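Structure data (compact mmCIF, C-alpha atoms) from input05.txt:
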# COMPACT_ATOMS: atom_id res chain seq x y z
CA MET K 1206 -8.14 -30.15 -10.02
CA LEU K 1207 -9.78 -30.81 -6.65
CA GLN K 1208 -6.80 -29.26 -4.85
CA TYR K 1209 -7.89 -25.79 -6.02
CA PHE K 1210 -11.08 -26.12 -3.99
CA GLU K 1211 -8.92 -26.47 -0.86
CA THR K 1212 -6.95 -23.29 -1.50
CA PRO K 1213 -7.58 -20.30 0.83
CA PHE K 1214 -10.15 -17.81 -0.38
CA PRO K 1215 -10.42 -14.25 1.01
CA ARG K 1216 -13.59 -13.52 2.97
CA PRO K 1217 -15.10 -10.03 2.81
CA LYS K 1218 -14.53 -8.05 5.98
CA HIS K 1219 -17.39 -6.32 7.77
CA SER K 1220 -16.24 -2.82 6.91
CA LYS K 1221 -18.14 0.32 5.98
CA GLN K 1222 -16.73 0.12 2.46
CA ASN K 1223 -17.91 -3.46 1.89
CA VAL K 1224 -21.34 -2.72 3.34
CA PHE K 1225 -21.55 0.23 0.96
CA TRP K 1226 -20.76 -2.00 -2.03
CA VAL K 1227 -23.37 -4.57 -0.98
CA PHE K 1228 -26.13 -1.97 -0.86
CA LEU K 1229 -24.87 -0.20 -3.98
CA ILE K 1230 -25.23 -3.44 -5.94
CA GLY K 1231 -28.79 -3.78 -4.59
CA VAL K 1232 -29.64 -0.23 -5.69
CA LEU K 1233 -28.14 -0.85 -9.12
CA CYS K 1234 -30.18 -4.06 -9.39
CA SER K 1235 -33.32 -2.02 -8.68
CA ILE K 1236 -32.38 0.58 -11.28
CA PHE K 1237 -31.60 -2.20 -13.75
CA ILE K 1238 -35.08 -3.68 -13.20
CA LEU K 1239 -36.84 -0.31 -13.63
CA ILE K 1240 -34.94 0.62 -16.80
CA PHE K 1241 -34.55 -2.67 -18.66
CA LYS K 1242 -37.66 -4.51 -17.32
CA PRO K 1243 -36.08 -8.01 -17.49
CA PHE K 1244 -38.34 -11.11 -17.46
CA ASN K 1245 -41.37 -8.83 -17.96
CA ILE K 1246 -40.87 -7.29 -14.53
CA GLU K 1247 -42.44 -3.88 -15.07
CA ASN K 1248 -44.86 -1.34 -13.72
CA ASN K 1249 -48.16 -2.06 -15.48
CA THR K 1250 -50.12 0.51 -13.46
CA GLY K 1251 -47.87 3.51 -14.04
CA THR K 1252 -48.11 4.49 -10.36
CA LEU K 1253 -45.22 5.64 -8.18
CA TYR K 1254 -46.23 3.05 -5.58
CA GLN K 1255 -45.60 0.24 -8.06
CA ASP K 1256 -42.19 1.69 -8.94
CA LEU K 1257 -41.29 1.82 -5.25
CA LEU K 1258 -42.28 -1.84 -4.86
CA LEU K 1259 -40.05 -2.81 -7.78
CA PHE K 1260 -37.22 -0.69 -6.39
CA SER K 1261 -37.56 -2.40 -3.01
CA LEU K 1262 -36.66 -5.75 -4.62
CA GLY K 1263 -33.04 -4.66 -4.97
CA ILE K 1264 -32.95 -3.37 -1.39
CA LEU K 1265 -34.36 -6.67 -0.17
CA PHE K 1266 -31.65 -8.46 -2.12
CA SER K 1267 -28.96 -6.32 -0.40
CA VAL K 1268 -30.45 -6.99 3.04
CA SER K 1269 -30.41 -10.75 2.45
CA ILE K 1270 -26.78 -10.65 1.24
CA TYR K 1271 -25.77 -8.51 4.22
CA PHE K 1272 -27.40 -10.96 6.64
CA TRP K 1273 -25.91 -14.01 4.92
CA ASP K 1274 -22.38 -12.70 4.40
CA PHE K 1275 -21.83 -10.57 7.52
CA ILE K 1276 -24.29 -11.42 10.30
CA ILE K 1277 -24.16 -15.24 10.14
CA PRO K 1278 -20.31 -15.35 10.13
CA GLN K 1279 -20.30 -13.15 13.25
CA LEU K 1280 -22.70 -15.52 14.99
CA PHE K 1281 -20.67 -18.63 14.07
CA PRO K 1282 -17.05 -17.42 13.64
CA LYS K 1283 -15.43 -20.85 14.03
CA SER K 1284 -17.25 -22.18 10.98
CA PHE K 1285 -15.66 -19.47 8.83
CA LYS K 1286 -12.12 -19.61 10.18
CA LYS K 1287 -10.71 -21.85 7.47
CA TRP K 1288 -12.30 -20.41 4.34
CA THR K 1289 -11.50 -22.09 1.03
CA LEU K 1290 -12.59 -21.71 -2.59
CA GLY K 1291 -14.76 -24.83 -2.32
CA ARG K 1292 -16.55 -23.52 0.76
CA ALA K 1293 -17.02 -20.13 -0.87
CA ILE K 1294 -18.68 -21.65 -3.95
CA SER K 1295 -21.04 -23.70 -1.78
CA TRP K 1296 -21.80 -20.78 0.53
CA TYR K 1297 -22.58 -18.29 -2.22
CA SER K 1298 -24.74 -20.84 -4.02
CA LEU K 1299 -26.79 -21.22 -0.83
CA MET K 1300 -26.84 -17.45 -0.50
CA MET K 1301 -28.52 -17.12 -3.90
CA LEU K 1302 -31.13 -19.73 -2.94
CA PHE K 1303 -31.79 -17.83 0.29
CA ALA K 1304 -32.10 -14.48 -1.51
CA GLY K 1305 -34.39 -16.10 -4.07
CA ALA K 1306 -36.58 -17.58 -1.33
CA LEU K 1307 -36.87 -14.24 0.46
CA MET K 1308 -37.79 -12.38 -2.70
CA PHE K 1309 -40.19 -15.16 -3.71
CA LEU K 1310 -42.05 -14.84 -0.39
CA TYR K 1311 -42.05 -11.05 -0.72
CA LYS K 1312 -43.38 -11.22 -4.29
CA SER K 1313 -45.98 -13.85 -3.34
CA TYR K 1314 -47.17 -11.75 -0.39
CA LEU K 1315 -47.63 -8.68 -2.58
CA GLY K 1316 -49.42 -10.80 -5.18
CA GLY K 1317 -51.70 -12.49 -2.67
CA PHE K 1318 -49.83 -15.82 -3.04
CA THR K 1319 -51.41 -16.41 -6.46
CA ASP K 1320 -48.15 -17.81 -7.90
CA PHE K 1321 -47.00 -19.64 -4.78
CA THR K 1322 -45.49 -22.71 -6.50
CA PHE K 1323 -42.09 -24.40 -6.52
CA LYS K 1324 -41.81 -23.70 -10.26
CA GLU K 1325 -42.31 -19.99 -9.67
CA TYR K 1326 -39.70 -20.13 -6.88
CA LEU K 1327 -37.18 -21.58 -9.36
CA TYR K 1328 -38.04 -18.78 -11.79
CA VAL K 1329 -37.42 -16.18 -9.09
CA CYS K 1330 -34.08 -17.81 -8.14
CA GLY K 1331 -33.02 -17.77 -11.78
CA ARG K 1332 -33.96 -14.10 -12.13
CA VAL K 1333 -32.14 -13.16 -8.91
CA PHE K 1334 -29.04 -15.00 -10.06
CA LEU K 1335 -28.95 -13.55 -13.58
CA ILE K 1336 -29.72 -9.96 -12.58
CA SER K 1337 -27.30 -9.94 -9.63
CA ILE K 1338 -24.53 -11.56 -11.69
CA THR K 1339 -25.05 -9.05 -14.52
CA VAL K 1340 -24.89 -6.02 -12.22
CA SER K 1341 -22.15 -7.45 -9.99
CA PHE K 1342 -20.05 -8.32 -13.02
CA PHE K 1343 -20.16 -4.70 -14.13
CA VAL K 1344 -19.51 -3.19 -10.66
CA LEU K 1345 -16.82 -5.66 -9.57
CA GLY K 1346 -15.30 -5.77 -13.03
CA LEU K 1347 -14.95 -1.99 -13.02
CA ILE K 1348 -13.35 -2.08 -9.56
CA SER K 1349 -10.95 -4.82 -10.65
CA TYR K 1350 -10.00 -2.84 -13.75
CA LEU K 1351 -9.27 0.28 -11.72
CA GLN K 1352 -7.25 -1.76 -9.22
CA LYS K 1353 -5.85 -4.41 -11.58
CA SER K 1354 -2.29 -3.86 -10.36
CA LYS K 1355 -3.39 -5.08 -6.92
CA ILE K 1356 -5.10 -8.31 -8.01
CA ALA K 1357 -2.00 -10.47 -7.56
CA SER K 1358 -1.82 -9.41 -3.90
CA ILE K 1359 -5.49 -10.03 -3.06
CA ALA K 1360 -4.70 -12.89 -0.69
CA SER K 1361 -1.66 -11.27 0.96
CA ASN K 1362 -3.36 -10.68 4.31
CA GLU K 1363 -5.19 -13.99 4.39
CA ILE K 1364 -4.51 -17.07 6.50
CA CYS K 1365 -3.21 -20.18 4.76
CA PHE K 1366 -3.04 -23.73 6.08
CA LEU K 1367 -0.21 -26.08 5.23
CA LYS K 1368 -0.58 -29.84 5.50
CA ALA K 1369 2.44 -32.12 5.65
CA PRO K 1370 2.50 -35.95 5.80
CA ASN K 1371 2.29 -37.30 9.36
CA ALA K 1372 2.40 -33.80 10.83
CA LYS K 1373 0.04 -31.33 12.42
CA GLU K 1374 -1.52 -28.73 10.12
CA ILE K 1375 0.34 -25.41 10.21
CA GLN K 1376 -1.41 -22.05 10.12
CA LEU K 1377 0.45 -19.20 8.42
CA TYR K 1378 -0.23 -15.71 7.11
CA PHE K 1379 0.76 -15.04 3.53
CA ASN K 1380 2.16 -11.62 4.43
CA GLU K 1381 4.56 -13.22 6.93
CA ILE K 1382 6.12 -15.63 4.42
CA LEU K 1383 9.35 -14.33 2.85
CA TYR K 1384 10.40 -17.41 0.93
CA ILE K 1385 10.41 -21.20 1.17
CA GLU K 1386 13.51 -23.28 0.52
CA SER K 1387 13.80 -26.99 -0.19
CA ASP K 1388 16.33 -28.88 1.96
CA ASP K 1389 16.33 -32.58 1.01
CA ASN K 1390 13.24 -34.09 2.70
CA TYR K 1391 12.38 -30.84 4.47
CA VAL K 1392 11.35 -27.30 3.58
CA ASP K 1393 12.51 -24.21 5.43
CA ILE K 1394 9.79 -21.54 5.62
CA HIS K 1395 11.46 -18.17 6.21
CA LEU K 1396 9.12 -15.77 8.01
CA LEU K 1397 8.95 -12.16 9.07
CA LYS K 1398 6.77 -11.65 12.14
CA ASN K 1399 6.50 -8.27 13.84
CA GLY K 1400 9.74 -7.18 12.22
CA LYS K 1401 11.67 -10.27 13.37
CA ARG K 1402 12.99 -13.06 11.14
CA SER K 1403 12.24 -16.69 12.00
CA LYS K 1404 12.21 -20.08 10.32
CA GLU K 1405 9.69 -22.92 10.36
CA VAL K 1406 11.03 -26.35 9.35
CA VAL K 1407 8.52 -28.83 7.91
CA ARG K 1408 9.09 -32.38 6.73
CA SER K 1409 7.61 -32.14 3.25
CA SER K 1410 8.51 -31.81 -0.39
CA LEU K 1411 8.53 -28.39 -2.03
CA LYS K 1412 6.02 -29.69 -4.57
CA ASN K 1413 3.55 -30.50 -1.77
CA VAL K 1414 3.92 -26.95 -0.42
CA GLU K 1415 3.58 -25.47 -3.91
CA ASP K 1416 0.35 -27.38 -4.55
CA GLN K 1417 -1.19 -25.80 -1.45
CA LEU K 1418 0.16 -22.23 -1.53
CA VAL K 1419 0.60 -21.34 -5.20
CA TYR K 1420 -2.61 -20.39 -7.04
CA ALA K 1421 -4.16 -17.51 -8.98
CA THR K 1422 -4.48 -14.91 -6.20
CA SER K 1423 -1.60 -16.07 -4.00
CA PRO K 1424 1.53 -13.88 -3.64
CA ILE K 1425 3.66 -17.05 -3.56
CA TYR K 1426 5.45 -18.06 -6.78
CA ARG K 1427 7.99 -20.68 -7.77
CA CYS K 1428 11.21 -19.20 -9.16
CA HIS K 1429 13.56 -22.18 -8.95
CA ARG K 1430 13.46 -25.92 -8.32
CA LYS K 1431 14.53 -25.19 -4.73
CA TYR K 1432 12.64 -21.97 -3.99
CA LEU K 1433 9.19 -20.44 -3.64
CA ILE K 1434 9.08 -16.70 -2.99
CA ASN K 1435 6.62 -14.09 -1.82
CA PHE K 1436 7.14 -11.64 -4.67
CA LYS K 1437 6.16 -8.68 -2.46
CA TYR K 1438 9.46 -8.90 -0.58
CA PHE K 1439 11.91 -9.26 -3.47
CA GLU K 1440 13.68 -7.02 -5.96
CA VAL K 1441 15.85 -7.69 -9.00
CA MET K 1442 19.56 -7.92 -8.23
CA GLU K 1443 20.96 -9.03 -11.60
CA SER K 1444 19.08 -9.78 -14.78
CA SER K 1445 19.56 -10.76 -18.41
CA SER K 1446 17.27 -12.28 -21.02
CA ARG K 1447 18.14 -15.81 -19.86
CA SER K 1448 19.04 -15.53 -16.18
CA MET K 1449 18.16 -13.54 -13.08
CA THR K 1450 19.11 -13.20 -9.44
CA ILE K 1451 16.74 -11.63 -6.94
CA ARG K 1452 17.20 -10.56 -3.34
CA LEU K 1453 15.17 -9.62 -0.31
CA LYS K 1454 14.47 -5.92 -0.11
CA GLY K 1455 16.88 -4.36 2.32
CA GLY K 1456 18.55 -7.73 2.94
CA ASP K 1457 21.48 -9.76 1.74
CA ALA K 1458 19.69 -13.04 0.94
CA SER K 1459 19.88 -13.69 -2.81
CA ILE K 1460 18.01 -16.36 -4.76
CA PRO K 1461 18.57 -17.57 -8.33
CA VAL K 1462 15.73 -17.61 -10.83
CA SER K 1463 15.61 -20.50 -13.28
CA LYS K 1464 15.44 -19.70 -16.99
CA LYS K 1465 11.84 -20.96 -17.32
CA TYR K 1466 10.63 -18.52 -14.62
CA VAL K 1467 12.66 -15.43 -15.60
CA ALA K 1468 9.94 -13.74 -17.70
CA GLN K 1469 7.20 -14.28 -15.11
CA ILE K 1470 9.29 -13.12 -12.13
CA ARG K 1471 10.60 -10.09 -14.04
CA GLY K 1472 7.03 -9.12 -14.88
CA LEU K 1473 5.92 -9.48 -11.25
CA LEU K 1474 8.80 -7.45 -9.81
CA THR K 1475 8.75 -4.65 -12.39
CA THR K 1476 4.98 -4.04 -12.74
CA ARG K 1477 3.79 -4.23 -9.12
CA PRO K 1478 2.52 -1.02 -7.45
Hey, can you dump this file as structure tokens for me?
Amino acid sequence: MLQYFETPFPRPKHSKQNVFWVFLIGVLCSIFILIFKPFNIENNTGTLYQDLLLFSLGILFSVSIYFWDFIIPQLFPKSFKKWTLGRAISWYSLMMLFAGALMFLYKSYLGGFTDFTFKEYLYVCGRVFLISITVSFFVLGLISYLQKSKIASIASNEICFLKAPNAKEIQLYFNEILYIESDDNYVDIHLLKNGKRSKEVVRSSLKNVEDQLVYATSPIYRCHRKYLINFKYFEVMESSSRSMTIRLKGGDASIPVSKKYVAQIRGLLTTRP
């Protein structure tokens, strides 16, 4: 179970599109607060000024997320080079505490620090978490639904790190891996870099490699006791209900698919975009 926390996890890039989504979620949080009035957060005065203050809570949330997820990584890039699921969970948990602290101070300042207590801070953190998760679930869930055919390739452009016994850690890019072949006590990692084929030989078992590179959002899949493939680069060569042979697109390398993996590999190769 712990091995999943060491698997690579894609970090959001500092692009105009991602910045847009961050601030859109903040705006939607503000609208959510104004319409649904969660946790008795509402305008008791009926003034436009009070509505603007409530609306600014979502904007403040977006600013804190932008600072935490884009500015800090630019200031300390080495700390974010090897990004894993475990680090992501810890980082985003701290992000919520930071956003909660910022909004707590903002709320306390507007209220003259009348509720400036640790208990109230925990309340604010809980509200921030629940509201942001509710809105984010809808926004990100809608995006995922519209782009569901691309989910399996989400990590394709990410860096992965491979550890082998008594050997130096190897850094690879998922989109450069064609397939991985077991060869007794070694594995041959077949790569495509800048249009040129190459091979990396590592002293390791295929199971050790599988444990590190095969997970929910990885494009790497096992298809045989001797092979792992990057499904993006393969097509069906021959197929029946019980057997299958696949090959590299535009190449002559063919790989057998074991009976237990036929259905999964067929689904991957026939439903991808």
- Write out as a PyMOL selection string each polymer residue whose atoms come within 10 Å of Glu1381 (chain K), counting all atoms listed in the file; drop sequence neighbours fewer than 6 positions from it. chain K and resi 1361-1362+1364+1394-1400+1402-1403+1435+1438
- Distance of CA of Thr1475 (chain K) from CA of His1429 (chain K), expressed in Å to one decimal place: 18.5 Å
Kindly provide, as JSON, the centre and edge lengths (Å, one decimal) of an axis-aligned box around all atoms of region 1371-1378 of chain K given in the file, with 5 Å on each side.
{"center_x": 0.4, "center_y": -26.5, "center_z": 9.8, "size_x": 13.9, "size_y": 31.6, "size_z": 15.3}
- Task: Please provide as a list of chain:residue names all residues within 10 Å of Ser1448 (chain K), with the sequence filter that same-chain residues fewer than 2 positions apart are discarded (counting only C-alpha atoms).
- Result: K:Glu1443, K:Ser1444, K:Ser1445, K:Ser1446, K:Thr1450, K:Pro1461, K:Val1462, K:Ser1463, K:Lys1464, K:Lys1465, K:Tyr1466, K:Val1467, K:Ala1468
Generate the output file for the selected residues, C-alpha atoms, as a PDB file, in the frame of the given file.
ATOM      1  CA  GLU K1443      20.960  -9.030 -11.600  1.00  0.00           C
ATOM      2  CA  SER K1444      19.080  -9.780 -14.780  1.00  0.00           C
ATOM      3  CA  SER K1445      19.560 -10.760 -18.410  1.00  0.00           C
ATOM      4  CA  SER K1446      17.270 -12.280 -21.020  1.00  0.00           C
ATOM      5  CA  THR K1450      19.110 -13.200  -9.440  1.00  0.00           C
ATOM      6  CA  PRO K1461      18.570 -17.570  -8.330  1.00  0.00           C
ATOM      7  CA  VAL K1462      15.730 -17.610 -10.830  1.00  0.00           C
ATOM      8  CA  SER K1463      15.610 -20.500 -13.280  1.00  0.00           C
ATOM      9  CA  LYS K1464      15.440 -19.700 -16.990  1.00  0.00           C
ATOM     10  CA  LYS K1465      11.840 -20.960 -17.320  1.00  0.00           C
ATOM     11  CA  TYR K1466      10.630 -18.520 -14.620  1.00  0.00           C
ATOM     12  CA  VAL K1467      12.660 -15.430 -15.600  1.00  0.00           C
ATOM     13  CA  ALA K1468       9.940 -13.740 -17.700  1.00  0.00           C
TER      14      ALA K1468
END
Please report as a tab-separated table every residue of region 1405-1470 of chain K lying within 12 Å of region 1280-1303 of chain K, along with the nearest atom pair and their distance in Å (one decimal), using all atoms listed in the file.
residue	atom	partner	partner_atom	distance
K:Gln1417	CA	K:Thr1289	CA	11.2
K:Leu1418	CA	K:Thr1289	CA	11.9
K:Tyr1420	CA	K:Leu1290	CA	11.0
K:Ala1421	CA	K:Leu1290	CA	11.4
K:Thr1422	CA	K:Leu1290	CA	11.2
- Between K:Pro1217, K:Gly1472, K:Gly1455, K:Gly1263, which one has atoms that come closest to Phe1237 (chain K), using all atoms listed in the file?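 Answer, going by the shortest atom-to-atom distance: K:Gly1263.
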- K:Arg1332, K:Ile1230, K:Leu1383, K:Val1268 ranked by distance to Ile1246 (chain K), top pick (using only C-alpha atoms): K:Arg1332
- Message: Let me make sure I understand: among K:Ile1460, K:Cys1330, K:Val1407, K:Met1442, which one has the smallest atom-to-atom distance to Arg1430 (chain K) if we use all atoms listed in the file?
- Response: K:Ile1460
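Computed from the coordinates, the CA of Ser1269 (chain K) to CA of Glu1363 (chain K) distance equals 25.5 Å.
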- Item | Nearest residue to Phe1210 (chain K) from the set K:Asp1416, K:Ser1409, K:Val1392, K:Pro1370 (distances using only C-alpha atoms) |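 Closest to Phe1210 (chain K), using only C-alpha atoms: K:Asp1416.
Relative to CA of Lys1324 (chain K), CA of Ile1270 (chain K) is found at 23.0 Å.
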- Query: Got a sec to check which residues sit within 12 Å of (-40.3, -12.4, -3.5), counting all atoms listed in the file, and write them as a VMD selection string?
  - Reply: chain K and resid 1258 to 1259 1261 to 1266 1269 1302 to 1318 1320 to 1322 1325 to 1330 1332 to 1333
- Message: Ranking K:Asp1389, K:Val1414, K:Leu1233, K:Lys1431 by minimum distance to Phe1366 (chain K) and counting only C-alpha atoms, which one comes first?
- Response: K:Val1414
